[in-house]
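Okay, work.pdb is below, PDB, C-alpha atoms:
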```pdb
ATOM      1  CA  ASN A   1     -91.595  56.190  25.435
ATOM      2  CA  GLY A   2     -91.204  58.490  22.515
ATOM      3  CA  PRO A   3     -90.306  57.862  18.904
ATOM      4  CA  GLY A   4     -86.588  57.969  19.703
ATOM      5  CA  SER A   5     -86.787  55.152  22.221
ATOM      6  CA  ARG A   6     -88.749  53.025  19.765
ATOM      7  CA  GLN A   7     -86.113  53.488  17.062
ATOM      8  CA  GLU A   8     -83.366  52.579  19.505
ATOM      9  CA  ALA A   9     -85.252  49.431  20.500
ATOM     10  CA  MET A  10     -85.780  48.455  16.836
ATOM     11  CA  GLY A  11     -82.082  49.031  16.147
ATOM     12  CA  ASP A  12     -81.095  46.807  19.063
ATOM     13  CA  LEU A  13     -83.475  44.085  17.833
ATOM     14  CA  SER A  14     -82.089  44.269  14.276
ATOM     15  CA  GLN A  15     -78.522  44.037  15.569
ATOM     16  CA  LEU A  16     -79.487  41.090  17.777
ATOM     17  CA  TYR A  17     -81.264  39.448  14.822
ATOM     18  CA  ARG A  18     -78.179  39.844  12.625
ATOM     19  CA  LEU A  19     -76.013  38.464  15.392
ATOM     20  CA  ARG A  20     -78.266  35.415  15.766
ATOM     21  CA  ILE A  21     -78.202  34.798  12.017
ATOM     22  CA  GLY A  22     -74.406  35.054  12.022
ATOM     23  CA  VAL A  23     -74.111  32.625  14.945
ATOM     24  CA  VAL A  24     -76.475  30.144  13.264
ATOM     25  CA  LEU A  25     -74.527  30.308   9.985
ATOM     26  CA  PHE A  26     -71.219  29.905  11.826
ATOM     27  CA  LEU A  27     -72.495  26.894  13.803
ATOM     28  CA  THR A  28     -73.952  25.369  10.633
ATOM     29  CA  TRP A  29     -70.595  25.770   8.898
ATOM     30  CA  ILE A  30     -68.776  24.195  11.866
ATOM     31  CA  VAL A  31     -71.217  21.264  11.923
ATOM     32  CA  LEU A  32     -70.838  20.701   8.181
ATOM     33  CA  VAL A  33     -67.044  20.853   8.350
ATOM     34  CA  VAL A  34     -66.838  18.491  11.334
ATOM     35  CA  GLY A  35     -69.490  16.137   9.953
ATOM     36  CA  THR A  36     -67.922  15.960   6.509
ATOM     37  CA  SER A  37     -64.477  15.419   8.016
ATOM     38  CA  LEU A  38     -65.764  12.634  10.248
ATOM     39  CA  LEU A  39     -67.709  11.090   7.365
ATOM     40  CA  ILE A  40     -64.492  10.893   5.345
ATOM     41  CA  VAL A  41     -61.924  10.232   8.053
ATOM     42  CA  LEU A  42     -63.711   7.601  10.185
ATOM     43  CA  PRO A  43     -64.572   5.176   7.329
ATOM     44  CA  THR A  44     -61.074   5.587   5.888
ATOM     45  CA  VAL A  45     -59.429   4.865   9.240
ATOM     46  CA  LEU A  46     -61.694   1.862   9.798
ATOM     47  CA  GLY A  47     -60.974   0.515   6.306
ATOM     48  CA  ARG A  48     -57.216   0.995   6.765
ATOM     49  CA  SER A  49     -57.386  -0.813  10.107
ATOM     50  CA  ILE A  50     -59.207  -3.747   8.538
ATOM     51  CA  PHE A  51     -56.746  -3.935   5.634
ATOM     52  CA  SER A  52     -53.835  -3.745   8.062
ATOM     53  CA  PHE A  53     -55.341  -6.527  10.194
ATOM     54  CA  LEU A  54     -55.840  -8.703   7.118
ATOM     55  CA  GLN A  55     -52.339  -7.777   5.864
ATOM     56  CA  ILE A  56     -53.654  -6.403   2.578
ATOM     57  CA  ASP A  57     -51.579  -3.668   0.956
ATOM     58  CA  SER A  58     -53.894  -1.091  -0.595
ATOM     59  CA  ASN A  59     -52.391   1.973  -2.248
ATOM     60  CA  HIS A  60     -55.758   3.645  -2.848
ATOM     61  CA  ASP A  61     -57.758   5.041   0.052
ATOM     62  CA  ILE A  62     -60.958   4.786  -1.955
ATOM     63  CA  TYR A  63     -61.046   1.035  -1.175
ATOM     64  CA  ALA A  64     -60.522   1.667   2.530
ATOM     65  CA  PHE A  65     -63.162   4.425   2.536
ATOM     66  CA  ALA A  66     -65.718   2.251   0.723
ATOM     67  CA  SER A  67     -65.113  -0.698   3.073
ATOM     68  CA  GLY A  68     -65.391   1.422   6.209
ATOM     69  CA  LEU A  69     -68.484   3.234   4.941
ATOM     70  CA  LEU A  70     -70.137  -0.090   4.127
ATOM     71  CA  ILE A  71     -69.434  -1.382   7.633
ATOM     72  CA  PHE A  72     -70.829   1.791   9.212
ATOM     73  CA  TRP A  73     -73.922   1.644   7.011
ATOM     74  CA  CYS A  74     -74.590  -2.025   7.805
ATOM     75  CA  SER A  75     -74.139  -1.387  11.533
ATOM     76  CA  LEU A  76     -76.542   1.564  11.416
ATOM     77  CA  GLU A  77     -79.115  -0.490   9.519
ATOM     78  CA  VAL A  78     -78.925  -3.281  12.098
ATOM     79  CA  VAL A  79     -79.353  -0.857  15.006
ATOM     80  CA  LEU A  80     -82.271   0.973  13.374
ATOM     81  CA  SER A  81     -83.998  -2.292  12.440
ATOM     82  CA  PHE A  82     -83.674  -3.630  15.975
ATOM     83  CA  HIS A  83     -85.006  -0.342  17.411
ATOM     84  CA  PHE A  84     -87.976  -0.439  15.005
ATOM     85  CA  LEU A  85     -88.794  -4.014  16.007
ATOM     86  CA  LEU A  86     -88.638  -3.138  19.696
ATOM     87  CA  VAL A  87     -91.010  -0.208  19.170
ATOM     88  CA  ALA A  88     -93.458  -1.939  16.810
ATOM     89  CA  PHE A  89     -93.725  -5.378  18.454
ATOM     90  CA  ALA A  90     -93.523  -7.030  21.821
ATOM     91  CA  ARG A  91     -90.135  -7.989  23.167
ATOM     92  CA  GLU A  92     -90.321 -11.715  22.340
ATOM     93  CA  GLU A  93     -91.771 -11.096  18.884
ATOM     94  CA  ALA A  94     -89.189  -8.387  18.198
ATOM     95  CA  ILE A  95     -86.334 -10.668  19.228
ATOM     96  CA  ARG A  96     -87.743 -13.483  17.071
ATOM     97  CA  ARG A  97     -88.067 -11.241  14.025
ATOM     98  CA  PHE A  98     -84.607  -9.785  14.608
ATOM     99  CA  LEU A  99     -83.038 -13.245  14.810
ATOM    100  CA  SER A 100     -84.912 -14.286  11.673
ATOM    101  CA  GLY A 101     -83.636 -11.242   9.799
ATOM    102  CA  LEU A 102     -80.137 -11.830  11.164
ATOM    103  CA  ARG A 103     -80.254 -15.417   9.884
ATOM    104  CA  VAL A 104     -81.259 -14.190   6.429
ATOM    105  CA  ALA A 105     -78.463 -11.607   6.483
ATOM    106  CA  VAL A 106     -75.877 -14.198   7.523
ATOM    107  CA  ARG A 107     -76.971 -16.640   4.796
ATOM    108  CA  VAL A 108     -76.969 -13.986   2.085
ATOM    109  CA  THR A 109     -73.573 -12.760   3.296
ATOM    110  CA  ILE A 110     -72.113 -16.286   3.173
ATOM    111  CA  ILE A 111     -73.395 -16.844  -0.370
ATOM    112  CA  THR A 112     -72.153 -13.421  -1.491
ATOM    113  CA  VAL A 113     -68.707 -13.858   0.064
ATOM    114  CA  LEU A 114     -68.277 -17.328  -1.440
ATOM    115  CA  TRP A 115     -69.644 -16.534  -4.906
ATOM    116  CA  ALA A 116     -68.419 -12.957  -5.333
ATOM    117  CA  GLY A 117     -65.296 -13.155  -3.156
ATOM    118  CA  LEU A 118     -63.668 -16.553  -2.756
ATOM    119  CA  LEU A 119     -64.505 -18.148  -6.125
ATOM    120  CA  PRO A 120     -63.274 -15.159  -8.210
ATOM    121  CA  LEU A 121     -60.136 -15.052  -6.060
ATOM    122  CA  LEU A 122     -59.391 -18.749  -6.672
ATOM    123  CA  SER A 123     -60.061 -18.493 -10.414
ATOM    124  CA  GLY A 124     -57.979 -15.324 -10.692
ATOM    125  CA  LEU A 125     -55.175 -16.953  -8.704
ATOM    126  CA  PHE A 126     -55.146 -19.872 -11.149
ATOM    127  CA  ILE A 127     -54.931 -17.447 -14.082
ATOM    128  CA  GLU A 128     -52.174 -15.610 -12.209
ATOM    129  CA  LEU A 129     -50.120 -18.783 -11.683
ATOM    130  CA  THR A 130     -50.771 -19.994 -15.219
ATOM    131  CA  VAL A 131     -50.390 -16.894 -17.389
ATOM    132  CA  LEU A 132     -49.793 -13.604 -15.589
ATOM    133  CA  VAL A 133     -46.841 -14.688 -13.437
ATOM    134  CA  HIS A 134     -44.693 -15.163 -16.550
ATOM    135  CA  PHE A 135     -45.113 -11.474 -17.402
ATOM    136  CA  ARG A 136     -44.294 -10.129 -13.935
ATOM    137  CA  GLY A 137     -40.622 -11.103 -13.832
ATOM    138  CA  ASP A 138     -38.574 -13.270 -11.493
ATOM    139  CA  GLY A 139     -38.300 -10.670  -8.726
ATOM    140  CA  HIS A 140     -42.036 -10.249  -8.252
ATOM    141  CA  GLU A 141     -43.485 -11.294  -4.900
ATOM    142  CA  PHE A 142     -47.093 -11.925  -4.074
ATOM    143  CA  SER A 143     -48.788  -9.308  -1.925
ATOM    144  CA  GLY A 144     -52.219  -8.039  -1.058
ATOM    145  CA  SER A 145     -52.366  -5.854  -4.176
ATOM    146  CA  THR A 146     -51.598  -8.909  -6.322
ATOM    147  CA  LEU A 147     -54.488 -10.776  -4.713
ATOM    148  CA  LEU A 148     -56.782  -7.805  -5.371
ATOM    149  CA  GLN A 149     -55.757  -7.852  -9.031
ATOM    150  CA  ASP A 150     -56.342 -11.602  -9.186
ATOM    151  CA  TRP A 151     -59.774 -11.109  -7.624
ATOM    152  CA  ALA A 152     -60.611  -8.484 -10.271
ATOM    153  CA  VAL A 153     -59.546 -10.849 -13.058
ATOM    154  CA  GLY A 154     -61.606 -13.664 -11.517
ATOM    155  CA  THR A 155     -64.610 -11.346 -11.229
ATOM    156  CA  LEU A 156     -64.409 -10.546 -14.942
ATOM    157  CA  LEU A 157     -64.187 -14.266 -15.697
ATOM    158  CA  GLU A 158     -67.204 -14.959 -13.458
ATOM    159  CA  LYS A 159     -69.266 -12.234 -15.157
ATOM    160  CA  ALA A 160     -68.423 -13.602 -18.603
ATOM    161  CA  PHE A 161     -69.272 -17.153 -17.511
ATOM    162  CA  ARG A 162     -72.569 -16.012 -15.959
ATOM    163  CA  ALA A 163     -73.537 -14.088 -19.098
ATOM    164  CA  VAL A 164     -72.838 -17.125 -21.293
ATOM    165  CA  VAL A 165     -74.742 -19.527 -19.020
ATOM    166  CA  LEU A 166     -77.799 -17.312 -18.526
ATOM    167  CA  SER A 167     -78.010 -16.535 -22.245
ATOM    168  CA  GLY A 168     -78.628 -20.201 -23.042
ATOM    169  CA  GLU A 169     -81.986 -21.946 -23.299
ATOM    170  CA  ARG A 170     -81.405 -24.735 -20.748
ATOM    171  CA  ARG A 171     -82.908 -23.182 -17.619
ATOM    172  CA  GLU A 172     -84.257 -26.378 -16.049
ATOM    173  CA  VAL A 173     -80.852 -27.307 -14.609
ATOM    174  CA  ARG A 174     -80.810 -26.853 -10.853
ATOM    175  CA  TRP A 175     -77.520 -25.001 -10.509
ATOM    176  CA  ILE A 176     -78.480 -22.568 -13.282
ATOM    177  CA  GLU A 177     -81.642 -21.692 -11.364
ATOM    178  CA  CYS A 178     -79.522 -21.083  -8.251
ATOM    179  CA  LEU A 179     -77.202 -18.904 -10.340
ATOM    180  CA  GLU A 180     -80.189 -16.846 -11.467
ATOM    181  CA  TRP A 181     -81.253 -16.319  -7.850
ATOM    182  CA  ILE A 182     -77.769 -15.082  -6.944
ATOM    183  CA  HIS A 183     -77.545 -12.869 -10.016
ATOM    184  CA  THR A 184     -80.951 -11.225  -9.451
ATOM    185  CA  GLY A 185     -80.367 -10.819  -5.713
ATOM    186  CA  ASN A 186     -83.453 -12.813  -4.762
ATOM    187  CA  VAL A 187     -82.984 -12.691  -0.985
ATOM    188  CA  ALA A 188     -86.069 -14.783  -0.223
ATOM    189  CA  ARG A 189     -84.974 -17.643  -2.510
ATOM    190  CA  MET A 190     -81.388 -17.393  -1.271
ATOM    191  CA  ASP A 191     -82.678 -17.827   2.275
ATOM    192  CA  GLN A 192     -85.118 -20.646   1.499
ATOM    193  CA  GLU A 193     -82.769 -22.557  -0.820
ATOM    194  CA  PHE A 194     -79.559 -21.873   1.103
ATOM    195  CA  ASN A 195     -78.532 -25.542   1.339
ATOM    196  CA  THR A 196     -79.417 -26.125  -2.316
ATOM    197  CA  ILE A 197     -77.328 -23.167  -3.498
ATOM    198  CA  ILE A 198     -74.356 -24.239  -1.385
ATOM    199  CA  ARG A 199     -74.632 -27.857  -2.538
ATOM    200  CA  TRP A 200     -75.391 -27.522  -6.256
ATOM    201  CA  THR A 201     -73.802 -24.201  -7.225
ATOM    202  CA  ILE A 202     -71.005 -23.116  -4.899
ATOM    203  CA  THR A 203     -69.513 -26.398  -3.632
ATOM    204  CA  PRO A 204     -68.829 -27.951  -7.101
ATOM    205  CA  TRP A 205     -67.053 -24.806  -8.320
ATOM    206  CA  LEU A 206     -65.199 -24.447  -5.044
ATOM    207  CA  MET A 207     -63.923 -28.031  -5.228
ATOM    208  CA  LEU A 208     -63.013 -27.532  -8.902
ATOM    209  CA  TRP A 209     -60.847 -24.462  -8.291
ATOM    210  CA  ILE A 210     -59.276 -25.976  -5.182
ATOM    211  CA  GLY A 211     -58.454 -29.061  -7.234
ATOM    212  CA  VAL A 212     -56.891 -27.146 -10.120
ATOM    213  CA  LEU A 213     -54.786 -25.179  -7.637
ATOM    214  CA  VAL A 214     -53.696 -28.117  -5.485
ATOM    215  CA  CYS A 215     -53.002 -30.694  -8.228
ATOM    216  CA  PRO A 216     -50.087 -28.752  -9.843
ATOM    217  CA  LEU A 217     -48.565 -28.220  -6.409
ATOM    218  CA  LEU A 218     -48.746 -31.941  -5.684
ATOM    219  CA  ALA A 219     -47.328 -32.686  -9.140
ATOM    220  CA  THR A 220     -44.394 -30.373  -8.417
ATOM    221  CA  GLN A 221     -43.676 -32.078  -5.106
ATOM    222  CA  LEU A 222     -43.951 -35.482  -6.772
ATOM    223  CA  GLY A 223     -41.504 -34.341  -9.448
ATOM    224  CA  HIS A 224     -38.952 -33.527  -6.756
ATOM    225  CA  LEU A 225     -39.123 -37.159  -5.660
ATOM    226  CA  LEU A 226     -39.180 -38.874  -9.044
ATOM    227  CA  PHE A 227     -36.799 -36.795 -11.154
ATOM    228  CA  PRO A 228     -33.046 -36.415 -10.636
ATOM    229  CA  ALA A 229     -31.409 -33.534  -8.822
ATOM    230  CA  TYR A 230     -30.489 -31.588 -11.982
ATOM    231  CA  THR A 231     -34.189 -30.931 -12.667
ATOM    232  CA  GLU A 232     -34.778 -29.495  -9.210
ATOM    233  CA  GLU A 233     -34.271 -25.903 -10.374
ATOM    234  CA  VAL A 234     -36.846 -26.313 -13.113
ATOM    235  CA  LEU A 235     -39.330 -28.144 -10.925
ATOM    236  CA  SER A 236     -38.933 -25.640  -8.108
ATOM    237  CA  ARG A 237     -40.733 -23.131 -10.293
ATOM    238  CA  GLY A 238     -44.236 -24.500 -10.049
ATOM    239  CA  ASN A 239     -45.434 -22.170 -12.802
ATOM    240  CA  TYR A 240     -44.610 -24.729 -15.449
ATOM    241  CA  SER A 241     -46.650 -27.374 -13.673
ATOM    242  CA  TYR A 242     -49.633 -25.001 -13.596
ATOM    243  CA  VAL A 243     -49.277 -24.390 -17.337
ATOM    244  CA  LEU A 244     -49.008 -28.137 -17.948
ATOM    245  CA  CYS A 245     -52.064 -28.847 -15.826
ATOM    246  CA  ALA A 246     -53.973 -26.074 -17.599
ATOM    247  CA  CYS A 247     -53.144 -27.713 -20.927
ATOM    248  CA  VAL A 248     -54.287 -31.078 -19.567
ATOM    249  CA  TYR A 249     -57.564 -29.576 -18.302
ATOM    250  CA  LEU A 250     -58.142 -27.902 -21.674
ATOM    251  CA  ASN A 251     -57.466 -31.127 -23.572
ATOM    252  CA  VAL A 252     -59.785 -33.082 -21.301
ATOM    253  CA  TRP A 253     -62.521 -30.479 -21.811
ATOM    254  CA  ILE A 254     -62.055 -30.569 -25.608
ATOM    255  CA  LEU A 255     -62.041 -34.375 -25.672
ATOM    256  CA  SER A 256     -65.186 -34.537 -23.555
ATOM    257  CA  HIS A 257     -66.990 -32.231 -25.984
ATOM    258  CA  ILE A 258     -65.689 -34.216 -28.961
ATOM    259  CA  ARG A 259     -66.935 -37.388 -27.249
ATOM    260  CA  HIS A 260     -70.419 -35.897 -26.829
ATOM    261  CA  VAL A 261     -70.451 -34.786 -30.473
ATOM    262  CA  VAL A 262     -69.361 -38.242 -31.669
ATOM    263  CA  LEU A 263     -71.960 -39.943 -29.454
ATOM    264  CA  ARG A 264     -74.723 -37.698 -30.782
ATOM    265  CA  LEU A 265     -73.566 -38.353 -34.353
ATOM    266  CA  HIS A 266     -73.515 -42.106 -33.667
ATOM    267  CA  ASP A 267     -77.010 -41.971 -32.170
ATOM    268  CA  SER A 268     -78.362 -39.999 -35.114
ATOM    269  CA  ILE A 269     -76.830 -42.475 -37.622
ATOM    270  CA  ARG A 270     -78.229 -45.390 -35.621
ATOM    271  CA  ASP A 271     -81.683 -43.825 -35.535
ATOM    272  CA  ASP A 272     -81.589 -43.153 -39.276
ATOM    273  CA  LYS A 273     -80.639 -46.764 -39.990
ATOM    274  CA  TYR A 274     -83.356 -47.975 -37.633
ATOM    275  CA  LEU A 275     -85.958 -45.831 -39.387
ATOM    276  CA  SER A 276     -84.714 -47.022 -42.783
ATOM    277  CA  GLY A 277     -85.029 -50.621 -41.616
ATOM    278  CA  ILE A 278     -88.562 -49.977 -40.365
ATOM    279  CA  ARG A 279     -89.519 -48.462 -43.725
ATOM    280  CA  LEU A 280     -88.077 -51.451 -45.637
ATOM    281  CA  HIS A 281     -89.843 -53.880 -43.321
ATOM    282  CA  ASN A 282     -93.154 -52.118 -43.786
ATOM    283  CA  PHE A 283     -92.597 -52.009 -47.560
ATOM    284  CA  VAL A 284     -91.867 -55.758 -47.759
ATOM    285  CA  SER A 285     -94.841 -56.554 -45.533
ATOM    286  CA  GLY A 286     -97.057 -54.401 -47.766
ATOM    287  CA  LEU A 287     -95.860 -56.238 -50.912
ATOM    288  CA  GLU A 288     -96.510 -59.630 -49.346
ATOM    289  CA  SER A 289    -100.023 -58.625 -48.320
ATOM    290  CA  GLN A 290    -100.754 -57.338 -51.852
ATOM    291  CA  ASN A 291     -99.442 -60.553 -53.449
ATOM    292  CA  SER A 292    -101.505 -62.715 -51.126
ATOM    293  CA  ALA A 293    -104.582 -60.657 -51.934
ATOM    294  CA  LEU A 294    -104.021 -61.024 -55.693
ATOM    295  CA  GLY A 295    -103.235 -64.728 -55.483
TER     296      GLY A 295
END
```
So, in terms of structure tokens, how does the structure I just supplied come out?
Amino acid sequence: NGPGSRQEAMGDLSQLYRLRIGVVLFLTWIVLVVGTSLLIVLPTVLGRSIFSFLQIDSNHDIYAFASGLLIFWCSLEVVLSFHFLLVAFAREEAIRRFLSGLRVAVRVTIITVLWAGLLPLLSGLFIELTVLVHFRGDGHEFSGSTLLQDWAVGTLLEKAFRAVVLSGERREVRWIECLEWIHTGNVARMDQEFNTIIRWTITPWLMLWIGVLVCPLLATQLGHLLFPAYTEEVLSRGNYSYVLCACVYLNVWILSHIRHVVLRLHDSIRDDKYLSGIRLHNFVSGLESQNSALG
């Protein structure tokens, strides 16, 4: 074992070390490429499958990717939470805690879907049938992309309404408190007051938007029965009935506010007259008491 054999051994080790580093870098690159490809492709494919099942036409894969990634993330969180409960607690306690957390997740999901999904869609659809449809042309047909646009318009309307309501001073109203819980994402209050939120906040608005969407349709069908045949072409386009109903709703809202203003003005005038009468009565009573004292 002379110096030459040692140098040969060190050379072999350095070559083997370089080879190992090259293999590690190559495998790391392969893992990154495959992982990144799967991270992009799998959520996109899942999102496209969901949109295709729901018959929603989406021209942008970013929506499909975001939807699929959200589903994967939620599924991973559920699996990891259940595994943590099984490791940290006994089986019965873990199952009880898991079911409790699942109940909270289901309730929060229902409130979120109704408030941030269905209600903006209904409000945007009413705006679509009232205003936007007249700018789209006669050949336009409703599709999934149109519903997505209507949902975006309804979301903007909901955000504006929420900002106006929460900026006011009347916070003791029950449905405004529920709106604050939804806006701040208070999961504990949304779970505890689930029935209250559904009853006082979501159900009234849901019935309102369903009513404003159904009433023009019923008015159109009633017009087919009451009016002669030459108006059928006009009445068949229900857009005019939606515009008419929107005008009626606006007039009713304005008249209701005018009524409240007139009632408050009447009450203030009545109170002023009552106070004036009290002052005159006290003044006359004071004069009579002074006269009786002098006499």
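CA of His83 (chain A) is positioned 13.4 Å from CA of Gly101 (chain A).
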Counting all atoms listed in the file, the residue among A:Trp151, A:Tyr17, A:Phe98, A:Trp181 that lies closest to Phe194 (chain A) is A:Trp181
I need the output of the PyMOL selection byres ((chain A and resi 127) around 10) for this file as a ChimeraX atom specification; which residues are they? /A:121-126,128-133,150,153-154,157,242-243,246
Report the distance between CA of His60 (chain A) and CA of Leu156 (chain A) in Å, rounded to one decimal place.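 Spanning CA of His60 (chain A) to CA of Leu156 (chain A) is a straight-line distance of 20.6 Å.
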I'd like to see the residues matched by the PyMOL selection byres ((chain A and resi 68-70) around 9) on this file, and ideally I'd get them as a PyMOL selection string. chain A and resi 39-40+42-48+50+63-67+71-75
Enclose region 102-119 of chain A, meaning all of its atoms listed in the file, in a box aligned along x, y and z, pad it by 8 Å on each side, and list the centre and edge lengths in Å to one decimal, as JSON.
```
{"center_x": -72.5, "center_y": -14.9, "center_z": 2.5, "size_x": 33.6, "size_y": 22.5, "size_z": 33.3}
```
Provide the CA of Ile56 (chain A) to CA of Phe161 (chain A) distance in Å, to one decimal place.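 It comes out at 27.6 Å.
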Nearest to Thr155 (chain A) among A:Leu118, A:Ile202, A:Val108, A:Leu86, with distances taken over all atoms listed in the file: which residue is it? A:Leu118
Calculated over only C-alpha atoms, which of the candidates A:Arg264, A:Arg20, A:Arg107, A:Arg91 has the smallest distance to Glu193 (chain A)?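 Once distances to Glu193 (chain A) are computed over only C-alpha atoms, the minimum belongs to A:Arg107.
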